[in-house]
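One file, structure_11.tsv, is given below (TSV, C-alpha atoms).
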```tsv
chain	number	residue	atom	x	y	z
R	1	MET	CA	88.30	104.67	93.26
R	2	ALA	CA	90.09	101.40	92.58
R	3	VAL	CA	93.90	101.33	92.66
R	4	GLY	CA	96.37	100.07	90.05
R	5	ASP	CA	95.79	97.15	87.70
R	6	ILE	CA	92.07	96.33	87.82
R	7	SER	CA	91.82	95.16	84.23
R	8	ILE	CA	89.37	92.50	83.07
R	9	PRO	CA	91.10	89.54	81.36
R	10	GLN	CA	91.16	89.78	77.58
R	11	THR	CA	90.00	86.18	77.45
R	12	ILE	CA	87.50	84.82	79.97
R	13	TYR	CA	87.53	81.07	79.55
R	14	PRO	CA	84.20	79.26	79.89
R	15	ILE	CA	84.33	76.23	82.16
R	16	PHE	CA	82.46	73.38	80.55
R	17	GLY	CA	80.17	71.89	83.15
R	18	VAL	CA	79.30	75.27	84.71
R	19	LYS	CA	76.48	77.49	83.45
R	20	ILE	CA	75.59	80.83	85.04
R	21	GLY	CA	72.45	82.94	84.86
R	22	THR	CA	71.85	86.41	86.27
R	23	THR	CA	68.85	88.69	86.64
R	24	LYS	CA	67.52	91.81	88.34
R	25	ALA	CA	65.38	90.56	91.23
R	26	HIS	CA	65.12	94.00	92.91
R	27	VAL	CA	66.33	92.65	96.25
R	28	ARG	CA	67.42	96.13	97.30
R	29	TYR	CA	67.88	98.29	94.23
R	30	ALA	CA	65.63	98.77	91.21
R	31	ASP	CA	67.99	98.44	88.28
R	32	ARG	CA	71.00	96.21	88.91
R	33	ARG	CA	71.82	92.52	88.65
R	34	ASP	CA	71.44	91.06	92.12
R	35	LEU	CA	70.57	87.39	91.65
R	36	VAL	CA	73.00	84.80	90.26
R	37	VAL	CA	72.48	81.06	89.72
R	38	PHE	CA	75.24	78.55	88.97
R	39	GLU	CA	74.25	75.22	87.39
R	40	ILE	CA	76.91	72.54	87.91
R	41	ALA	CA	77.07	69.41	85.75
R	42	LYS	CA	76.76	65.91	87.13
R	43	GLY	CA	80.09	64.43	88.22
R	44	ALA	CA	81.67	67.71	89.33
R	45	SER	CA	83.35	68.12	92.71
R	46	VAL	CA	82.47	71.14	94.87
R	47	ALA	CA	84.39	72.41	97.91
R	48	ALA	CA	83.67	75.39	100.15
R	49	VAL	CA	85.14	77.30	103.06
R	50	THR	CA	83.08	79.67	105.17
R	51	THR	CA	83.47	82.46	107.68
R	52	GLN	CA	84.62	81.75	111.22
R	53	ASN	CA	82.53	84.61	112.51
R	54	GLN	CA	80.38	82.98	115.20
R	55	PHE	CA	77.40	85.12	114.16
R	56	CYS	CA	77.42	83.54	110.72
R	57	ALA	CA	74.52	84.32	108.40
R	58	ALA	CA	71.55	82.04	107.75
R	59	PRO	CA	72.72	81.03	104.25
R	60	VAL	CA	76.10	80.02	105.66
R	61	GLN	CA	74.36	77.78	108.19
R	62	VAL	CA	72.31	76.16	105.43
R	63	LEU	CA	75.28	75.83	103.08
R	64	ARG	CA	77.34	73.98	105.70
R	65	LYS	CA	74.61	71.39	106.16
R	66	HIS	CA	73.85	70.95	102.48
R	67	ILE	CA	77.42	70.54	101.26
R	68	ALA	CA	78.10	67.96	103.96
R	69	ASN	CA	75.15	65.79	103.02
R	70	THR	CA	74.88	65.58	99.24
R	71	VAL	CA	76.30	66.39	95.81
R	72	THR	CA	75.94	70.05	94.84
R	73	THR	CA	74.18	70.95	91.58
R	74	HIS	CA	73.38	74.64	92.01
R	75	LEU	CA	74.65	77.79	93.71
R	76	LEU	CA	72.11	80.52	94.52
R	77	ILE	CA	73.52	83.98	95.24
R	78	ASN	CA	71.74	87.22	96.12
R	79	THR	CA	73.15	90.65	96.88
R	80	GLY	CA	71.59	93.60	98.69
R	81	ASN	CA	70.62	91.61	101.78
R	82	ALA	CA	72.97	89.50	103.91
R	83	ASN	CA	70.23	87.52	105.70
R	84	ALA	CA	72.46	87.72	108.77
R	85	ALA	CA	71.30	88.29	112.36
R	86	THR	CA	67.84	87.21	111.21
R	87	GLY	CA	67.34	84.22	113.52
R	88	ALA	CA	65.14	81.25	112.68
R	89	ASP	CA	63.17	83.29	110.16
R	90	GLY	CA	66.36	83.90	108.16
R	91	VAL	CA	67.09	80.18	107.97
R	92	LYS	CA	63.49	79.52	106.93
R	93	ARG	CA	63.72	82.08	104.14
R	94	ALA	CA	67.09	80.77	102.93
R	95	LEU	CA	65.62	77.27	102.77
R	96	ALA	CA	62.55	78.57	100.93
R	97	THR	CA	64.71	80.02	98.15
R	98	CYS	CA	66.68	76.76	97.93
R	99	ASP	CA	63.45	74.75	97.78
R	100	ALA	CA	62.04	76.92	95.01
R	101	LEU	CA	65.19	76.53	92.90
R	102	ALA	CA	65.32	72.79	93.59
R	103	ASN	CA	61.74	72.37	92.38
R	104	LYS	CA	62.41	74.31	89.19
R	105	ALA	CA	65.66	72.43	88.50
R	106	GLY	CA	64.33	68.99	89.40
R	107	VAL	CA	66.86	68.33	92.17
R	108	SER	CA	66.69	67.96	95.95
R	109	ILE	CA	66.87	70.97	98.23
R	110	GLU	CA	70.14	69.70	99.73
R	111	GLN	CA	71.81	70.06	96.33
R	112	ILE	CA	71.41	73.86	96.44
R	113	LEU	CA	74.02	76.03	98.19
R	114	PRO	CA	72.74	79.52	99.14
R	115	TYR	CA	74.87	82.68	99.46
R	116	SER	CA	73.81	86.18	100.49
R	117	THR	CA	75.65	89.47	100.84
R	118	GLY	CA	74.54	92.98	101.71
R	119	VAL	CA	72.99	94.69	104.71
R	120	ILE	CA	73.00	92.77	108.01
R	121	GLY	CA	69.93	92.52	110.21
R	122	GLU	CA	67.20	93.01	107.61
R	123	THR	CA	64.59	90.41	106.60
R	124	LEU	CA	65.48	88.59	103.40
R	125	PRO	CA	62.89	89.37	100.66
R	126	SER	CA	62.73	85.71	99.70
R	127	ASP	CA	59.62	86.33	97.57
R	128	LYS	CA	61.61	88.60	95.24
R	129	ILE	CA	64.40	86.03	94.94
R	130	ILE	CA	61.94	83.24	94.17
R	131	ALA	CA	60.18	85.44	91.62
R	132	GLY	CA	63.49	86.09	89.88
R	133	LEU	CA	64.51	82.43	89.51
R	134	ASP	CA	62.81	81.81	86.17
R	135	SER	CA	64.61	84.76	84.62
R	136	ALA	CA	67.98	83.65	86.01
R	137	LEU	CA	67.48	80.08	84.81
R	138	ALA	CA	66.47	81.27	81.33
R	139	ASP	CA	69.78	83.16	81.18
R	140	LEU	CA	72.00	80.14	81.93
R	141	SER	CA	75.15	80.11	79.80
R	142	GLU	CA	78.79	79.04	80.05
R	143	ASN	CA	79.77	82.56	78.97
R	144	ASN	CA	78.16	84.62	81.75
R	145	TRP	CA	81.13	84.95	84.10
R	146	LEU	CA	81.45	88.71	83.66
R	147	ASP	CA	77.72	89.25	84.17
R	148	ALA	CA	78.01	87.17	87.35
R	149	ALA	CA	80.96	89.28	88.52
R	150	HIS	CA	78.70	92.32	88.26
R	151	GLY	CA	75.77	90.44	89.77
R	152	ILE	CA	77.51	89.63	93.07
R	153	CYS	CA	78.69	93.21	93.74
R	154	THR	CA	77.50	95.40	96.63
R	155	THR	CA	79.68	98.45	97.36
R	156	ASP	CA	82.24	97.21	94.82
R	157	THR	CA	83.16	99.74	92.13
R	158	ILE	CA	84.60	97.13	89.73
R	159	PRO	CA	83.80	93.55	88.72
R	160	LYS	CA	86.46	91.16	89.97
R	161	ILE	CA	87.33	88.34	87.58
R	162	ALA	CA	90.38	86.25	86.71
R	163	SER	CA	90.90	83.54	84.11
R	164	GLU	CA	93.82	81.35	83.05
R	165	LYS	CA	94.64	78.45	80.74
R	166	VAL	CA	97.47	76.01	81.40
R	167	SER	CA	98.52	73.34	78.89
R	168	ILE	CA	99.92	70.11	80.30
R	169	ASP	CA	100.84	67.10	78.18
R	170	GLY	CA	98.63	68.27	75.33
R	171	VAL	CA	95.59	68.97	77.53
R	172	ASP	CA	94.29	72.50	78.10
R	173	TYR	CA	92.99	73.12	81.61
R	174	HIS	CA	90.99	76.27	82.23
R	175	ILE	CA	90.41	78.22	85.45
R	176	THR	CA	87.98	81.11	85.86
R	177	GLY	CA	86.77	82.84	89.00
R	178	ILE	CA	84.98	85.87	90.37
R	179	SER	CA	84.96	87.55	93.75
R	180	LYS	CA	83.26	90.46	95.48
R	181	GLY	CA	84.13	92.63	98.42
R	182	ALA	CA	85.27	96.15	99.18
R	183	GLY	CA	84.56	96.58	102.90
R	184	MET	CA	84.13	94.45	106.01
R	185	ILE	CA	87.18	92.57	104.80
R	186	ARG	CA	89.47	90.52	106.95
R	187	PRO	CA	88.49	87.04	105.80
R	188	ASN	CA	89.03	84.04	108.01
R	189	MET	CA	89.02	80.89	105.84
R	190	ALA	CA	87.21	82.72	103.02
R	191	THR	CA	86.45	86.02	101.37
R	192	MET	CA	83.28	88.08	101.20
R	193	LEU	CA	82.22	85.91	98.28
R	194	GLY	CA	84.42	83.99	95.87
R	195	PHE	CA	83.61	81.43	93.18
R	196	VAL	CA	86.30	79.64	91.17
R	197	ALA	CA	85.85	76.80	88.70
R	198	THR	CA	88.16	74.57	86.67
R	199	ASP	CA	87.52	71.88	84.09
R	200	ALA	CA	90.12	69.61	85.70
R	201	LYS	CA	88.92	66.43	87.38
R	202	ILE	CA	89.82	66.49	91.08
R	203	ASP	CA	88.50	64.29	93.86
R	204	GLN	CA	86.27	66.18	96.31
R	205	ALA	CA	88.44	65.45	99.38
R	206	VAL	CA	91.55	66.62	97.51
R	207	LEU	CA	89.67	69.66	96.23
R	208	GLN	CA	88.66	70.63	99.77
R	209	SER	CA	92.25	70.33	100.97
R	210	MET	CA	93.44	72.40	98.02
R	211	LEU	CA	90.84	75.09	98.69
R	212	ILE	CA	91.99	75.54	102.29
R	213	LYS	CA	95.59	75.98	101.12
R	214	LEU	CA	94.58	78.33	98.32
R	215	THR	CA	92.47	80.57	100.55
R	216	ASN	CA	95.24	80.71	103.14
R	217	ALA	CA	97.59	82.01	100.45
R	218	SER	CA	95.12	84.53	99.03
R	219	PHE	CA	91.83	85.51	100.63
R	220	ASN	CA	93.23	84.87	104.11
R	221	ARG	CA	96.04	87.31	103.39
R	222	ILE	CA	94.02	90.44	102.72
R	223	THR	CA	92.54	93.09	104.96
R	224	ILE	CA	90.78	96.37	104.34
R	225	ASP	CA	89.35	97.20	107.74
R	226	GLY	CA	90.02	94.16	109.95
R	227	ASP	CA	86.36	93.07	110.08
R	228	THR	CA	85.50	89.43	109.41
R	229	SER	CA	82.11	89.29	107.70
R	230	THR	CA	79.18	87.18	108.83
R	231	ASN	CA	78.77	85.94	105.26
R	232	ASP	CA	82.25	85.02	103.99
R	233	CYS	CA	82.27	82.06	101.61
R	234	CYS	CA	84.61	80.79	98.94
R	235	THR	CA	83.68	77.91	96.64
R	236	LEU	CA	85.84	75.86	94.27
R	237	ILE	CA	84.31	73.71	91.53
R	238	ALA	CA	86.11	71.05	89.46
R	239	THR	CA	83.95	69.77	86.62
R	240	GLY	CA	86.33	67.14	85.23
R	241	THR	CA	85.41	67.87	81.61
R	242	ALA	CA	89.04	68.41	80.54
R	243	GLY	CA	90.44	65.33	82.24
R	244	GLU	CA	92.11	64.37	85.49
R	245	ILE	CA	95.19	65.95	86.97
R	246	GLY	CA	95.84	64.59	90.44
R	247	GLU	CA	98.47	65.58	92.97
R	248	SER	CA	100.60	62.62	91.89
R	249	HIS	CA	100.88	63.98	88.33
R	250	PRO	CA	104.51	65.06	87.67
R	251	ARG	CA	103.31	68.45	86.38
R	252	PHE	CA	100.56	69.03	88.92
R	253	GLY	CA	102.59	71.94	90.30
R	254	GLU	CA	102.06	73.90	87.09
R	255	PHE	CA	98.31	73.50	87.34
R	256	TYR	CA	98.28	74.40	91.04
R	257	ALA	CA	100.40	77.50	90.40
R	258	ALA	CA	97.87	78.72	87.82
R	259	LEU	CA	95.03	78.07	90.26
R	260	GLU	CA	96.86	80.01	92.97
R	261	ARG	CA	97.45	82.94	90.61
R	262	VAL	CA	93.70	83.15	90.01
R	263	PHE	CA	93.00	83.10	93.75
R	264	VAL	CA	95.62	85.74	94.53
R	265	ARG	CA	94.38	87.94	91.69
R	266	LEU	CA	90.79	87.76	92.94
R	267	ALA	CA	91.90	88.49	96.51
R	268	THR	CA	94.11	91.45	95.62
R	269	LEU	CA	91.38	92.92	93.40
R	270	ILE	CA	89.27	93.16	96.56
R	271	VAL	CA	92.01	95.22	98.22
R	272	ARG	CA	92.51	97.36	95.11
R	273	ASP	CA	88.78	98.12	95.29
R	274	GLY	CA	88.80	98.74	99.03
R	275	GLU	CA	86.19	101.26	100.12
R	276	GLY	CA	87.79	104.67	99.73
R	277	ALA	CA	91.22	103.18	98.97
R	278	THR	CA	93.81	105.33	97.21
R	279	LYS	CA	96.82	103.04	97.72
R	280	PHE	CA	97.54	99.33	97.42
R	281	ILE	CA	99.99	98.17	100.09
R	282	THR	CA	101.90	94.89	100.29
R	283	VAL	CA	103.26	94.04	103.74
R	284	LYS	CA	106.01	91.43	103.38
R	285	VAL	CA	107.53	90.00	106.54
R	286	THR	CA	110.72	87.92	106.37
R	287	GLY	CA	113.03	86.38	108.92
R	288	GLY	CA	110.36	84.88	111.15
R	289	LYS	CA	110.55	81.62	113.06
R	290	ASP	CA	107.38	80.43	111.29
R	291	THR	CA	104.77	81.77	108.90
R	292	ASN	CA	102.25	82.29	111.70
R	293	GLU	CA	104.36	84.91	113.44
R	294	CYS	CA	105.16	86.53	110.10
R	295	ALA	CA	101.43	86.79	109.40
R	296	ASP	CA	100.80	88.16	112.90
R	297	VAL	CA	103.32	90.95	112.32
R	298	ALA	CA	102.03	91.67	108.82
R	299	TYR	CA	98.43	91.89	110.02
R	300	ALA	CA	99.39	94.11	112.97
R	301	VAL	CA	100.83	96.61	110.50
R	302	ALA	CA	98.05	96.16	107.94
R	303	HIS	CA	95.27	96.60	110.52
R	304	SER	CA	96.71	99.66	112.26
R	305	PRO	CA	94.50	102.69	111.60
R	306	LEU	CA	97.48	104.92	112.39
R	307	VAL	CA	99.61	103.20	109.75
R	308	LYS	CA	96.76	103.19	107.23
R	309	THR	CA	95.96	106.88	107.70
R	310	ALA	CA	99.66	107.75	107.41
R	311	PHE	CA	99.71	106.01	104.03
R	312	PHE	CA	96.64	107.99	102.97
R	313	ALA	CA	98.39	111.23	103.94
R	314	SER	CA	101.68	110.12	102.29
R	315	ASP	CA	103.30	110.69	105.67
R	316	PRO	CA	106.46	108.55	106.20
R	317	ASN	CA	105.74	108.20	109.91
R	318	TRP	CA	107.73	104.98	110.22
R	319	GLY	CA	107.44	104.97	114.01
R	320	ARG	CA	103.83	103.83	113.58
R	321	ILE	CA	105.03	100.79	111.63
R	322	LEU	CA	107.58	99.88	114.30
R	323	ALA	CA	104.97	100.30	117.03
R	324	ALA	CA	102.66	97.85	115.23
R	325	VAL	CA	105.50	95.36	114.80
R	326	GLY	CA	106.17	95.66	118.52
R	327	TYR	CA	102.62	94.87	119.64
R	328	ALA	CA	102.14	91.94	117.25
R	329	GLY	CA	102.69	89.52	120.13
R	330	ILE	CA	106.06	87.97	119.31
R	331	GLU	CA	109.39	88.30	121.08
R	332	LEU	CA	111.83	90.55	119.25
R	333	ASP	CA	115.45	91.52	119.36
R	334	GLN	CA	115.17	95.15	118.25
R	335	SER	CA	118.75	95.14	117.00
R	336	ARG	CA	117.79	92.57	114.34
R	337	VAL	CA	114.72	94.36	112.97
R	338	SER	CA	114.79	96.37	109.77
R	339	VAL	CA	112.05	98.03	107.70
R	340	ALA	CA	112.01	99.35	104.14
R	341	LEU	CA	109.43	101.12	102.00
R	342	ASP	CA	110.04	99.82	98.48
R	343	GLU	CA	113.76	100.43	97.84
R	344	VAL	CA	114.13	102.95	100.67
R	345	SER	CA	115.48	101.58	103.94
R	346	ILE	CA	113.92	103.46	106.85
R	347	CYS	CA	114.95	101.35	109.83
R	348	GLU	CA	118.07	99.28	110.46
R	349	ARG	CA	119.06	97.48	113.64
R	350	GLY	CA	116.00	98.89	115.39
R	351	GLY	CA	116.77	102.54	114.63
R	352	LEU	CA	116.86	105.09	111.85
R	353	ALA	CA	118.62	103.76	108.76
R	354	ASP	CA	121.86	105.38	107.64
R	355	GLY	CA	121.20	107.77	104.79
R	356	TYR	CA	117.45	107.92	105.29
R	357	THR	CA	115.83	111.30	104.69
R	358	GLU	CA	112.25	112.46	105.11
R	359	ALA	CA	112.25	113.52	101.46
R	360	ARG	CA	113.03	109.96	100.30
R	361	GLY	CA	110.34	108.55	102.57
R	362	SER	CA	107.77	111.07	101.33
R	363	GLU	CA	108.55	110.25	97.70
R	364	VAL	CA	107.79	106.56	98.27
R	365	MET	CA	104.64	107.25	100.29
R	366	LYS	CA	103.14	109.21	97.39
R	367	ARG	CA	103.19	106.12	95.15
R	368	PRO	CA	99.87	104.32	94.49
R	369	GLU	CA	101.48	100.93	95.18
R	370	ILE	CA	103.94	100.42	98.03
R	371	THR	CA	105.66	97.42	99.59
R	372	VAL	CA	106.52	97.48	103.29
R	373	HIS	CA	109.33	94.97	103.89
R	374	ILE	CA	109.90	94.00	107.51
R	375	GLU	CA	112.85	91.77	108.43
R	376	LEU	CA	112.58	90.18	111.90
R	377	GLY	CA	115.95	88.46	112.08
R	378	ARG	CA	114.54	85.39	113.84
R	379	GLY	CA	114.55	82.64	111.20
R	380	ASP	CA	113.80	81.78	107.58
R	381	ALA	CA	110.01	82.02	107.42
R	382	THR	CA	108.16	84.61	105.37
R	383	ASP	CA	104.57	85.70	104.72
R	384	THR	CA	102.72	88.47	102.89
R	385	VAL	CA	99.51	90.39	103.56
R	386	TYR	CA	97.81	92.84	101.19
R	387	THR	CA	95.99	95.93	102.43
R	388	CYS	CA	95.09	99.51	101.53
R	389	ASP	CA	95.08	102.93	103.12
R	390	LEU	CA	92.24	104.39	105.21
R	391	SER	CA	90.73	107.51	103.71
R	392	TYR	CA	87.95	110.00	104.36
R	393	ASP	CA	85.82	108.20	101.80
R	394	TYR	CA	85.91	104.94	103.77
R	395	VAL	CA	84.06	106.70	106.60
R	396	LYS	CA	81.63	108.36	104.19
R	397	ILE	CA	80.81	105.10	102.36
R	398	ASN	CA	80.15	103.19	105.56
R	399	ALA	CA	78.28	106.03	107.23
R	400	ASP	CA	75.86	106.11	104.28
R	401	TYR	CA	75.84	102.36	103.50
R	402	ARG	CA	72.20	101.68	104.41
R	403	SER	CA	70.79	104.77	102.72
```
Let me see the structure of the file written as structure tokens.
Amino acid sequence: MAVGDISIPQTIYPIFGVKIGTTKAHVRYADRRDLVVFEIAKGASVAAVTTQNQFCAAPVQVLRKHIANTVTTHLLINTGNANAATGADGVKRALATCDALANKAGVSIEQILPYSTGVIGETLPSDKIIAGLDSALADLSENNWLDAAHGICTTDTIPKIASEKVSIDGVDYHITGISKGAGMIRPNMATMLGFVATDAKIDQAVLQSMLIKLTNASFNRITIDGDTSTNDCCTLIATGTAGEIGESHPRFGEFYAALERVFVRLATLIVRDGEGATKFITVKVTGGKDTNECADVAYAVAHSPLVKTAFFASDPNWGRILAAVGYAGIELDQSRVSVALDEVSICERGGLADGYTEARGSEVMKRPEITVHIELGRGDATDTVYTCDLSYDYVKINADYRS
């Protein structure tokens, strides 16, 4: 059950220079889209960030080598099988799928970036993926973003898609992206899978720098269960078909803000669709010495199973929040710390807030969307993390995941 605003954009802008095809390759299930191919026009820039999990999946290993050595023309994505913890055979199979697509598209194998998501530790059915390529290529279109959003899902209950247009000096720039993820979410330089494209022209080195900043503000600020996946990847494409807008442009900030809105929307949709989630929670930390310690405090609260289960039960057990703040690893003056749930102050100067009542706390905790505001009283820095509650269904979903 997804939480809050999960709406699909009324207008999904095609990105000229990007075509997408999807098909049912039967990687794991009989009747669902599970194979997606992106075709990227010549002259586009492509940037990627990947998981920092040291047991990274075979496709991640291949992707890192390919993107470092050549110009990318295609993305190849399968769901249902992560091709992780599969050793040398997994790498061989990932390369085989890349080679098959390269031969059909008339490009070199290094120009293909592979992505996989699904069950860890099972052999990739590369023959099924290869057999599905013709169908995916025949489906290539600039208007297949929503089909692709469905095609990259695993335990997701909703497609995750965002799209914006920003007009600058008479030029319309478009941004469209999709993401997937509902569990095993605490990204580290990426998300489960995310693909964003724009028709702006941006140099590859600048695009890579932008992507790192964008993921740090979005996908690196979400958590569902604190687990960093073996397969996390986020990719940003700039086709250049609408014209150039570099960082030196006086209105570049407007374009960047639109790009960041797309990233944040895709990231928060993952949290809203968290496995078993019934509440969407924003943890905002202010008054830190720097953003790193603000993020540390926010993640301590967002990761705490005691805090998350209290939210599920609508129990205003604010002591659990304070305990998480206290073990976040920063020095604190308790007399400067305050905590509020939405408009209700629950803690001031390290103790119970004047006028707080259990009834007021319970009323807030019953809301489907809640902001936890923590003031540290140490400086001017701030940071925000998005999370969800931890419910019975999370356990059920993950207990039955491989069935």
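The interatomic distance for the pair CA of Ala200 (chain R) and CA of Ala162 (chain R) works out to 16.7 Å.
Taking CA of Asp273 (chain R) and CA of Met210 (chain R) as the two end points, the separation is 26.3 Å.
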message: Using only C-alpha atoms, which protein or nucleic acid residues come within 10 Å of Thr357 (chain R)? Drop anything in the same chain fewer than 4 positions from it, and give the result as a PyMOL selection string.
response: chain R and resi 316+344-346+352-353+361-362
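Between Pro368 (chain R) and the candidates R:Glu348, R:Ile397, R:Val271, R:Ile281, the tightest atom-to-atom separation, counting all atoms listed in the file, involves R:Ile281.
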statement: In terms of only C-alpha atoms, the residue from R:Phe312, R:Tyr173, R:Tyr327, R:Trp318 at minimal distance from Glu254 (chain R) is R:Tyr173
- prompt: When distances are computed from all atoms listed in the file, which of R:Asp389, R:Glu164, R:Asp34, R:Asp156 shows the smallest separation from Leu306 (chain R)?
  reply: R:Asp389
Cut-off 12 Å around (89.6, 64.2, 86.4) with all atoms listed in the file: residues as a VMD selection string: chain R and resid 43 to 45 171 173 198 to 204 206 to 207 238 to 247 249
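The space between CA of Leu133 (chain R) and CA of Glu39 (chain R) spans 12.3 Å.
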Residue list as a short mmCIF file (atom, residue, chain, number, x, y, z; two decimals) with C-alpha atoms, keeping the file's coordinate frame for point (109.4, 95.7, 104.7), cut-off 9 Å, all atoms listed in the file:
```
data_model
loop_
_atom_site.label_atom_id
_atom_site.label_comp_id
_atom_site.auth_asym_id
_atom_site.auth_seq_id
_atom_site.Cartn_x
_atom_site.Cartn_y
_atom_site.Cartn_z
CA THR R 282 101.90 94.89 100.29
CA VAL R 283 103.26 94.04 103.74
CA LYS R 284 106.01 91.43 103.38
CA VAL R 285 107.53 90.00 106.54
CA THR R 286 110.72 87.92 106.37
CA SER R 338 114.79 96.37 109.77
CA VAL R 339 112.05 98.03 107.70
CA ALA R 340 112.01 99.35 104.14
CA LEU R 341 109.43 101.12 102.00
CA ASP R 342 110.04 99.82 98.48
CA SER R 345 115.48 101.58 103.94
CA THR R 371 105.66 97.42 99.59
CA VAL R 372 106.52 97.48 103.29
CA HIS R 373 109.33 94.97 103.89
CA ILE R 374 109.90 94.00 107.51
CA GLU R 375 112.85 91.77 108.43
#
```
message: Let me make sure I understand: among R:Ile112, R:Ala85, R:Val364, R:Ala295, which one has the smallest atom-to-atom distance to Asn69 (chain R) if we use all atoms listed in the file?
response: R:Ile112
- prompt: Any idea what's packed within 12 Å of Thr51 (chain R), counting all atoms listed in the file, ignoring anything in its chain fewer than 6 positions away? Could you give it as an MDAnalysis selection string?
  reply: chainID R and resid 57:61 63:64 115 185:194 215 219:220 227:235
